[in-house]
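J.: Provided herewith is a single structure, encoded as structure tokens, for subsequent inquiry.
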Amino acid sequence: MNLRAPVTLLDVAQRAGVSVATASRVLNGGDRVPRPELQERVRAAAAELGYTPNAQAQALAKSSTNVVGILVHDIEDPYFAAIANGVMRAADERHLLVMMASTFRDAEREIAYLSSLRAQRARAAVMIGSRRTDADQLARTATEIEAFLASGAGLALVSQSGMPAHTIEPDNRAGAADLARELVEQGWRKFGVLAGPEELATARDRRDGFVAGLAEAGLEPVAVQAGEFTRDGGHAAAGELLDREPGLDCLFAVNDVMAVGAMSALRERGIDVPGQLGVAGFDDIATLRDVWPGLTTVRLPLEQMGRRALELAIEGGDPRTETFAPEVVLRESTSKR
């Protein structure tokens, strides 16, 4: 006897050409109503497939709380803290209660936290992190995201493209390429790159963008050194790079905290910045603007990115990506004397 597999909400969404979240809001209800033409497509697909809405899902979609979850990779990192601050301010203006958890860059913990928010009937969540490249982890994360959205909740991600949800994405490649052009114009030629972990797409995009910017001037990095995406990672990577390539004249770190760690390593070696070696970073973290010499970097509107992520999560609708443009900020750490 052949038993036909039950029709799922995912089947309906695929037939209608919409997201699972949109299909759920049409068939299970909720406080964010899709456009009439989308409703019509979803109901037609459900009728064609013989889909029967789940009563429990309908009840859940109509009884979410006022809780918004923030999942952040590392709250001690000023980059993530600034974005989270934007989310929290936007949530406070809407009288929403915020629950925040640090995942410590652990994909399994991130999935577990999102599942917990779903069980608690959170109204929305914002996931802030640097996307990893492990295919299996990405697939498991995407599955949980689909389940979260199917429950009727809203979701947006920051710096984690490729997922089936709203995404806020800084243009890391373009920003790093612009920085490379500016540094070459200032007269720097022998570059070392503190590249961050290879498995982090954010670090890789910034490294590749910087290398592409140098290539336009007919240059390439003298050396590239991987390291942790932290202050200590920058300190260690700078030391290893200088031991291997003593002839460098400028270091580019793929984030500001790595750059600050590198500057500390240079001070310990008695190397003057920028007199003997220039240093540049990426992010323009507000808490690091008092560092001397002032750090040349690439500015991202971090709090604005967090605010927009919360808005998208609350608004719902079909997933879309919004890109934020960076801006090069030249300061004393690369100033030619």
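Note on naming: chains are A, B, ... as they come in the structure tokens, residues start from 1 per chain, ligands start from 1 in the order shown.
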Name the residues in contact with Val257 of chain A at a cut-off of 6 Å, using only C-alpha atoms, excluding same-chain residues fewer than 3 positions from it; report them as a PDB file with N, CA and C atoms, in the first residue's frame.
T.:
ATOM      1  N   THR A 230      39.672  39.008  17.285  1.00  0.00           N
ATOM      2  CA  THR A 230      39.694  39.639  18.597  1.00  0.00           C
ATOM      3  C   THR A 230      40.942  40.490  18.756  1.00  0.00           C
ATOM      4  N   ARG A 231      41.011  41.233  19.853  1.00  0.00           N
ATOM      5  CA  ARG A 231      42.196  42.029  20.159  1.00  0.00           C
ATOM      6  C   ARG A 231      43.411  41.131  20.289  1.00  0.00           C
ATOM      7  N   VAL A 260      43.755  47.239  16.990  1.00  0.00           N
ATOM      8  CA  VAL A 260      44.232  47.728  18.281  1.00  0.00           C
ATOM      9  C   VAL A 260      45.210  46.731  18.901  1.00  0.00           C
TER      10      VAL A 260
END
J.: Based on DSSP run over this structure's backbone, return all residues of segment 26-151 of chain A in strand (DSSP E or B), as a list in words.
T.: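 Taking segment 26-151 of chain A and keeping strand (DSSP E or B) gives Val67, Val68, Gly69, Ile70, Leu71, Val72, Leu97, Val98, Met99, Met100, Ala101, Ser102, Ala124, Ala125, Val126, Met127, Ile128 and Arg132 of chain A.
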J.: I need the residues in segment 26-245 of chain A that are alpha helix (DSSP H) according to DSSP; give them as a ChimeraX atom specification.
T.: /A:26-28,36-49,55-61,78-93,107-119,135-150,172-186,201-216,231-244
J.: What lies within 9 Å of segment 313-325 of chain A using only C-alpha atoms, ignoring chain neighbours under 2 positions off, as number ranges by chain?
T.: A: 18-22, 32-35, 123-126, 153-157, 161, 163-172, 174-175, 299-301, 305, 308-311, 327
J.: For the atom pair atom CA of Gln137 of chain A and atom CA of Ala212 of chain A, what is the interatomic distance in Å to one decimal place?
T.: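 Going from atom CA of Gln137 of chain A over to atom CA of Ala212 of chain A covers 29.1 Å.
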J.: In Å to one decimal, how far is atom CA of Val224 of chain A from atom CA of Leu200 of chain A?
T.: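 Interatomic distance here is 15.4 Å.
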J.: Rank A:Glu228, A:Asp11, A:Asp249, A:Asp77 by their smallest atom-to-atom distance to Phe191 of chain A, using only C-alpha atoms, and report the top residue only.
T.: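 Looking at the shortest contact to Phe191 of chain A, the residue is A:Asp249.
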J.: Which is closer to Val328 of chain A than all the others in A:Pro274, A:Gly86, A:Pro197, A:Gly281, using only C-alpha atoms?
T.: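 Of A:Pro274, A:Gly86, A:Pro197, A:Gly281, the one nearest Val328 of chain A, counting only C-alpha atoms, is A:Gly281.
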J.: Near Arg204 of chain A, within 12 Å and counting only C-alpha atoms, which residues show up once chain neighbours fewer than 4 positions away are dropped, as a ChimeraX atom specification?
T.: /A:130-133,172-173,176,193-200,208-211,224-227,229,253-255
J.: Write the selection just made, keeping N, CA, C and O atoms, as an mmCIF file, in the first residue's frame?
T.:
data_model
loop_
_atom_site.group_PDB
_atom_site.id
_atom_site.type_symbol
_atom_site.label_atom_id
_atom_site.label_comp_id
_atom_site.auth_asym_id
_atom_site.auth_seq_id
_atom_site.Cartn_x
_atom_site.Cartn_y
_atom_site.Cartn_z
ATOM 1 N N SER A 130 28.765 36.983 12.346
ATOM 2 C CA SER A 130 29.580 36.881 11.135
ATOM 3 C C SER A 130 29.340 35.500 10.547
ATOM 4 O O SER A 130 29.629 34.497 11.196
ATOM 5 N N ARG A 131 28.787 35.437 9.351
ATOM 6 C CA ARG A 131 28.390 34.174 8.762
ATOM 7 C C ARG A 131 29.577 33.227 8.582
ATOM 8 O O ARG A 131 30.626 33.604 8.086
ATOM 9 N N ARG A 132 29.376 31.984 9.007
ATOM 10 C CA ARG A 132 30.394 30.960 8.784
ATOM 11 C C ARG A 132 30.139 30.258 7.461
ATOM 12 O O ARG A 132 29.110 30.449 6.828
ATOM 13 N N THR A 133 31.084 29.428 7.043
ATOM 14 C CA THR A 133 30.995 28.819 5.718
ATOM 15 C C THR A 133 30.759 27.316 5.768
ATOM 16 O O THR A 133 30.771 26.659 4.731
ATOM 17 N N ASN A 172 31.091 44.919 2.828
ATOM 18 C CA ASN A 172 32.449 44.758 3.336
ATOM 19 C C ASN A 172 33.504 44.809 2.240
ATOM 20 O O ASN A 172 34.566 45.419 2.411
ATOM 21 N N ARG A 173 33.247 44.167 1.132
ATOM 22 C CA ARG A 173 34.230 44.148 0.038
ATOM 23 C C ARG A 173 34.499 45.555 -0.486
ATOM 24 O O ARG A 173 35.657 45.953 -0.667
ATOM 25 N N ALA A 176 36.504 47.707 2.058
ATOM 26 C CA ALA A 176 37.917 47.347 2.144
ATOM 27 C C ALA A 176 38.672 47.764 0.889
ATOM 28 O O ALA A 176 39.830 48.208 0.961
ATOM 29 N N VAL A 193 48.406 41.929 5.747
ATOM 30 C CA VAL A 193 46.979 41.834 6.065
ATOM 31 C C VAL A 193 46.770 40.883 7.232
ATOM 32 O O VAL A 193 47.204 39.725 7.186
ATOM 33 N N LEU A 194 46.126 41.374 8.290
ATOM 34 C CA LEU A 194 45.705 40.536 9.415
ATOM 35 C C LEU A 194 44.286 40.091 9.104
ATOM 36 O O LEU A 194 43.339 40.853 9.255
ATOM 37 N N ALA A 195 44.156 38.857 8.627
ATOM 38 C CA ALA A 195 42.974 38.461 7.872
ATOM 39 C C ALA A 195 41.822 37.880 8.692
ATOM 40 O O ALA A 195 40.736 37.691 8.162
ATOM 41 N N GLY A 196 41.989 37.570 9.951
ATOM 42 C CA GLY A 196 40.891 36.953 10.678
ATOM 43 C C GLY A 196 40.725 35.500 10.297
ATOM 44 O O GLY A 196 41.450 34.967 9.450
ATOM 45 N N PRO A 197 39.754 34.808 10.890
ATOM 46 C CA PRO A 197 39.541 33.390 10.602
ATOM 47 C C PRO A 197 39.009 33.157 9.186
ATOM 48 O O PRO A 197 38.105 33.853 8.733
ATOM 49 N N GLU A 198 39.543 32.183 8.497
ATOM 50 C CA GLU A 198 39.134 31.882 7.132
ATOM 51 C C GLU A 198 37.666 31.482 7.051
ATOM 52 O O GLU A 198 36.989 31.758 6.062
ATOM 53 N N GLU A 199 37.135 30.827 8.113
ATOM 54 C CA GLU A 199 35.763 30.328 8.050
ATOM 55 C C GLU A 199 34.706 31.415 8.255
ATOM 56 O O GLU A 199 33.512 31.155 8.097
ATOM 57 N N LEU A 200 35.112 32.636 8.607
ATOM 58 C CA LEU A 200 34.166 33.735 8.754
ATOM 59 C C LEU A 200 34.065 34.501 7.443
ATOM 60 O O LEU A 200 35.045 35.075 6.961
ATOM 61 N N ASP A 208 39.465 39.957 0.895
ATOM 62 C CA ASP A 208 39.422 39.892 -0.570
ATOM 63 C C ASP A 208 39.184 41.272 -1.182
ATOM 64 O O ASP A 208 39.744 41.598 -2.236
ATOM 65 N N GLY A 209 38.348 42.080 -0.538
ATOM 66 C CA GLY A 209 38.106 43.427 -1.045
ATOM 67 C C GLY A 209 39.365 44.274 -0.990
ATOM 68 O O GLY A 209 39.669 45.029 -1.928
ATOM 69 N N PHE A 210 40.117 44.154 0.088
ATOM 70 C CA PHE A 210 41.353 44.918 0.231
ATOM 71 C C PHE A 210 42.364 44.494 -0.835
ATOM 72 O O PHE A 210 43.000 45.339 -1.479
ATOM 73 N N VAL A 211 42.503 43.197 -1.027
ATOM 74 C CA VAL A 211 43.430 42.681 -2.039
ATOM 75 C C VAL A 211 43.026 43.173 -3.436
ATOM 76 O O VAL A 211 43.879 43.553 -4.250
ATOM 77 N N VAL A 224 49.889 37.718 4.187
ATOM 78 C CA VAL A 224 48.569 37.640 4.820
ATOM 79 C C VAL A 224 48.677 36.678 5.990
ATOM 80 O O VAL A 224 49.208 35.575 5.852
ATOM 81 N N GLN A 225 48.179 37.111 7.167
ATOM 82 C CA GLN A 225 48.252 36.280 8.361
ATOM 83 C C GLN A 225 46.865 36.121 8.979
ATOM 84 O O GLN A 225 46.222 37.108 9.333
ATOM 85 N N ALA A 226 46.382 34.893 9.085
ATOM 86 C CA ALA A 226 45.093 34.636 9.743
ATOM 87 C C ALA A 226 45.239 34.789 11.248
ATOM 88 O O ALA A 226 46.338 34.677 11.801
ATOM 89 N N GLY A 227 44.125 35.054 11.925
ATOM 90 C CA GLY A 227 44.123 35.190 13.377
ATOM 91 C C GLY A 227 42.703 35.279 13.891
ATOM 92 O O GLY A 227 41.764 35.457 13.113
ATOM 93 N N PHE A 229 39.342 36.809 15.516
ATOM 94 C CA PHE A 229 38.651 38.073 15.250
ATOM 95 C C PHE A 229 38.568 38.917 16.521
ATOM 96 O O PHE A 229 37.522 39.486 16.830
ATOM 97 N N ALA A 253 44.129 45.436 9.304
ATOM 98 C CA ALA A 253 43.422 44.408 10.065
ATOM 99 C C ALA A 253 41.950 44.437 9.676
ATOM 100 O O ALA A 253 41.367 45.517 9.513
ATOM 101 N N VAL A 254 41.324 43.268 9.549
ATOM 102 C CA VAL A 254 39.963 43.207 9.028
ATOM 103 C C VAL A 254 38.899 43.639 10.032
ATOM 104 O O VAL A 254 37.716 43.684 9.689
ATOM 105 N N ASN A 255 39.293 43.961 11.260
ATOM 106 C CA ASN A 255 38.383 44.693 12.145
ATOM 107 C C ASN A 255 39.204 45.552 13.115
ATOM 108 O O ASN A 255 40.413 45.372 13.267
#
J.: At most 10 Å is the cut-off: for each residue in segment 38-99 of chain A with any atom that close to an atom of segment 104-117 of chain A, write down the nearest atom pair and the distance in Å rounded to one decimal, counting only C-alpha atoms, chain first then increasing number, as a Markdown table.
T.:
| residue | atom | partner | partner_atom | distance |
| --- | --- | --- | --- | --- |
| A:Val67 | CA | A:Leu117 | CA | 8.7 |
| A:Val68 | CA | A:Leu117 | CA | 8.5 |
| A:Gly69 | CA | A:Leu117 | CA | 6.8 |
| A:Ile70 | CA | A:Leu114 | CA | 9.3 |
| A:Leu71 | CA | A:Glu110 | CA | 7.0 |
| A:Val72 | CA | A:Phe104 | CA | 7.8 |
| A:His73 | CA | A:Arg105 | CA | 4.7 |
| A:Asp74 | CA | A:Phe104 | CA | 5.3 |
| A:Ile75 | CA | A:Phe104 | CA | 8.4 |
| A:Glu76 | CA | A:Phe104 | CA | 9.8 |
| A:Met99 | CA | A:Leu117 | CA | 9.1 |
J.: Can you tell me which residues surround Gly278 of chain A at a distance of at most 7 Å, considering only C-alpha atoms, apart from same-chain residues fewer than 6 positions away, and format the answer as a ChimeraX atom specification?
T.: /A:249-251,333-334
J.: Quick one: residues within 12 Å of Ala13 of chain A, only C-alpha atoms, excluding same-chain residues fewer than 2 positions away - as a PDB file with C-alpha atoms, in the first residue's frame?
T.:
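To be explicit, this is the file written out as around-v3.pdb:
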ATOM      1  CA  VAL A   7       1.510  18.141   2.402  1.00  0.00           C
ATOM      2  CA  THR A   8       3.572  20.608   4.429  1.00  0.00           C
ATOM      3  CA  LEU A   9       3.589  24.358   4.692  1.00  0.00           C
ATOM      4  CA  LEU A  10       6.939  24.334   2.874  1.00  0.00           C
ATOM      5  CA  ASP A  11       5.267  22.547  -0.070  1.00  0.00           C
ATOM      6  CA  ARG A  15       4.207  26.073  -5.065  1.00  0.00           C
ATOM      7  CA  ALA A  16       3.109  29.686  -4.448  1.00  0.00           C
ATOM      8  CA  GLY A  17       6.636  31.078  -4.859  1.00  0.00           C
ATOM      9  CA  VAL A  18       6.686  32.766  -1.432  1.00  0.00           C
ATOM     10  CA  SER A  19       8.530  32.301   1.840  1.00  0.00           C
ATOM     11  CA  VAL A  20       7.326  29.870   4.507  1.00  0.00           C
ATOM     12  CA  ALA A  21       6.678  32.861   6.769  1.00  0.00           C
ATOM     13  CA  THR A  22       4.331  34.439   4.211  1.00  0.00           C
ATOM     14  CA  ALA A  23       2.491  31.166   3.641  1.00  0.00           C
ATOM     15  CA  SER A  24       2.081  30.755   7.403  1.00  0.00           C
ATOM     16  CA  ARG A  25       0.657  34.242   7.852  1.00  0.00           C
ATOM     17  CA  VAL A  26      -1.928  33.608   5.130  1.00  0.00           C
ATOM     18  CA  LEU A  27      -3.015  30.150   6.325  1.00  0.00           C
ATOM     19  CA  LEU A  38       0.193  36.936  -2.197  1.00  0.00           C
ATOM     20  CA  GLN A  39      -2.773  35.718  -0.157  1.00  0.00           C
ATOM     21  CA  ARG A  41      -1.434  32.713  -4.585  1.00  0.00           C
ATOM     22  CA  VAL A  42      -0.948  30.937  -1.261  1.00  0.00           C
ATOM     23  CA  ARG A  43      -4.603  29.910  -0.920  1.00  0.00           C
ATOM     24  CA  ALA A  44      -4.634  28.670  -4.521  1.00  0.00           C
ATOM     25  CA  ALA A  45      -1.503  26.601  -3.901  1.00  0.00           C
ATOM     26  CA  ALA A  46      -2.965  25.163  -0.693  1.00  0.00           C
ATOM     27  CA  LEU A  49      -2.097  20.522  -2.964  1.00  0.00           C
ATOM     28  CA  TYR A  51      -3.102  21.339   2.407  1.00  0.00           C
ATOM     29  CA  GLU A 146      12.164  28.390   8.576  1.00  0.00           C
ATOM     30  CA  ALA A 150       6.495  29.445  10.274  1.00  0.00           C
ATOM     31  CA  ASP A 318       9.002  38.215   2.013  1.00  0.00           C
TER      32      ASP A 318
END
J.: Neighbours of Leu330 of chain A within 9 Å (only C-alpha atoms; same-chain residues fewer than 6 positions away dropped), as a list in words?
T.: Leu179, Glu182, Leu183, Ala280, Gly294, Leu295, Thr296, Thr297 and Val298 of chain A
J.: Those same residues - C-alpha atoms - I'd like them written as a PDB file, in the first residue's frame.
T.:
ATOM      1  CA  LEU A 179      40.428  51.716   2.025  1.00  0.00           C
ATOM      2  CA  GLU A 182      43.121  55.517  -0.078  1.00  0.00           C
ATOM      3  CA  LEU A 183      46.182  53.978   1.565  1.00  0.00           C
ATOM      4  CA  ALA A 280      44.358  50.538   9.553  1.00  0.00           C
ATOM      5  CA  GLY A 294      43.753  57.753  15.899  1.00  0.00           C
ATOM      6  CA  LEU A 295      42.938  54.631  13.917  1.00  0.00           C
ATOM      7  CA  THR A 296      42.333  54.862  10.171  1.00  0.00           C
ATOM      8  CA  THR A 297      39.352  52.629   9.469  1.00  0.00           C
ATOM      9  CA  VAL A 298      36.145  52.010   7.523  1.00  0.00           C
TER      10      VAL A 298
END
J.: Using only C-alpha atoms, can you tell me which of A:Thr65, A:Asn28, A:Gln304, A:Ser151 comes closest to Leu97 of chain A?
T.: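 The answer is A:Thr65, which sits nearest to Leu97 of chain A.
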J.: Choose the residue, out of A:Arg244, A:Arg307, A:Gly270, A:Gly162, that has the smallest atom-to-atom separation from Ala139 of chain A; count only C-alpha atoms.
T.: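 Ranking A:Arg244, A:Arg307, A:Gly270, A:Gly162 by distance to Ala139 of chain A, first place goes to A:Gly162.
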J.: Smallest atom-to-atom distance to Arg331 of chain A: which of A:Asp232, A:Gln186, A:Glu268, A:Pro78, using only C-alpha atoms?
T.: A:Gln186
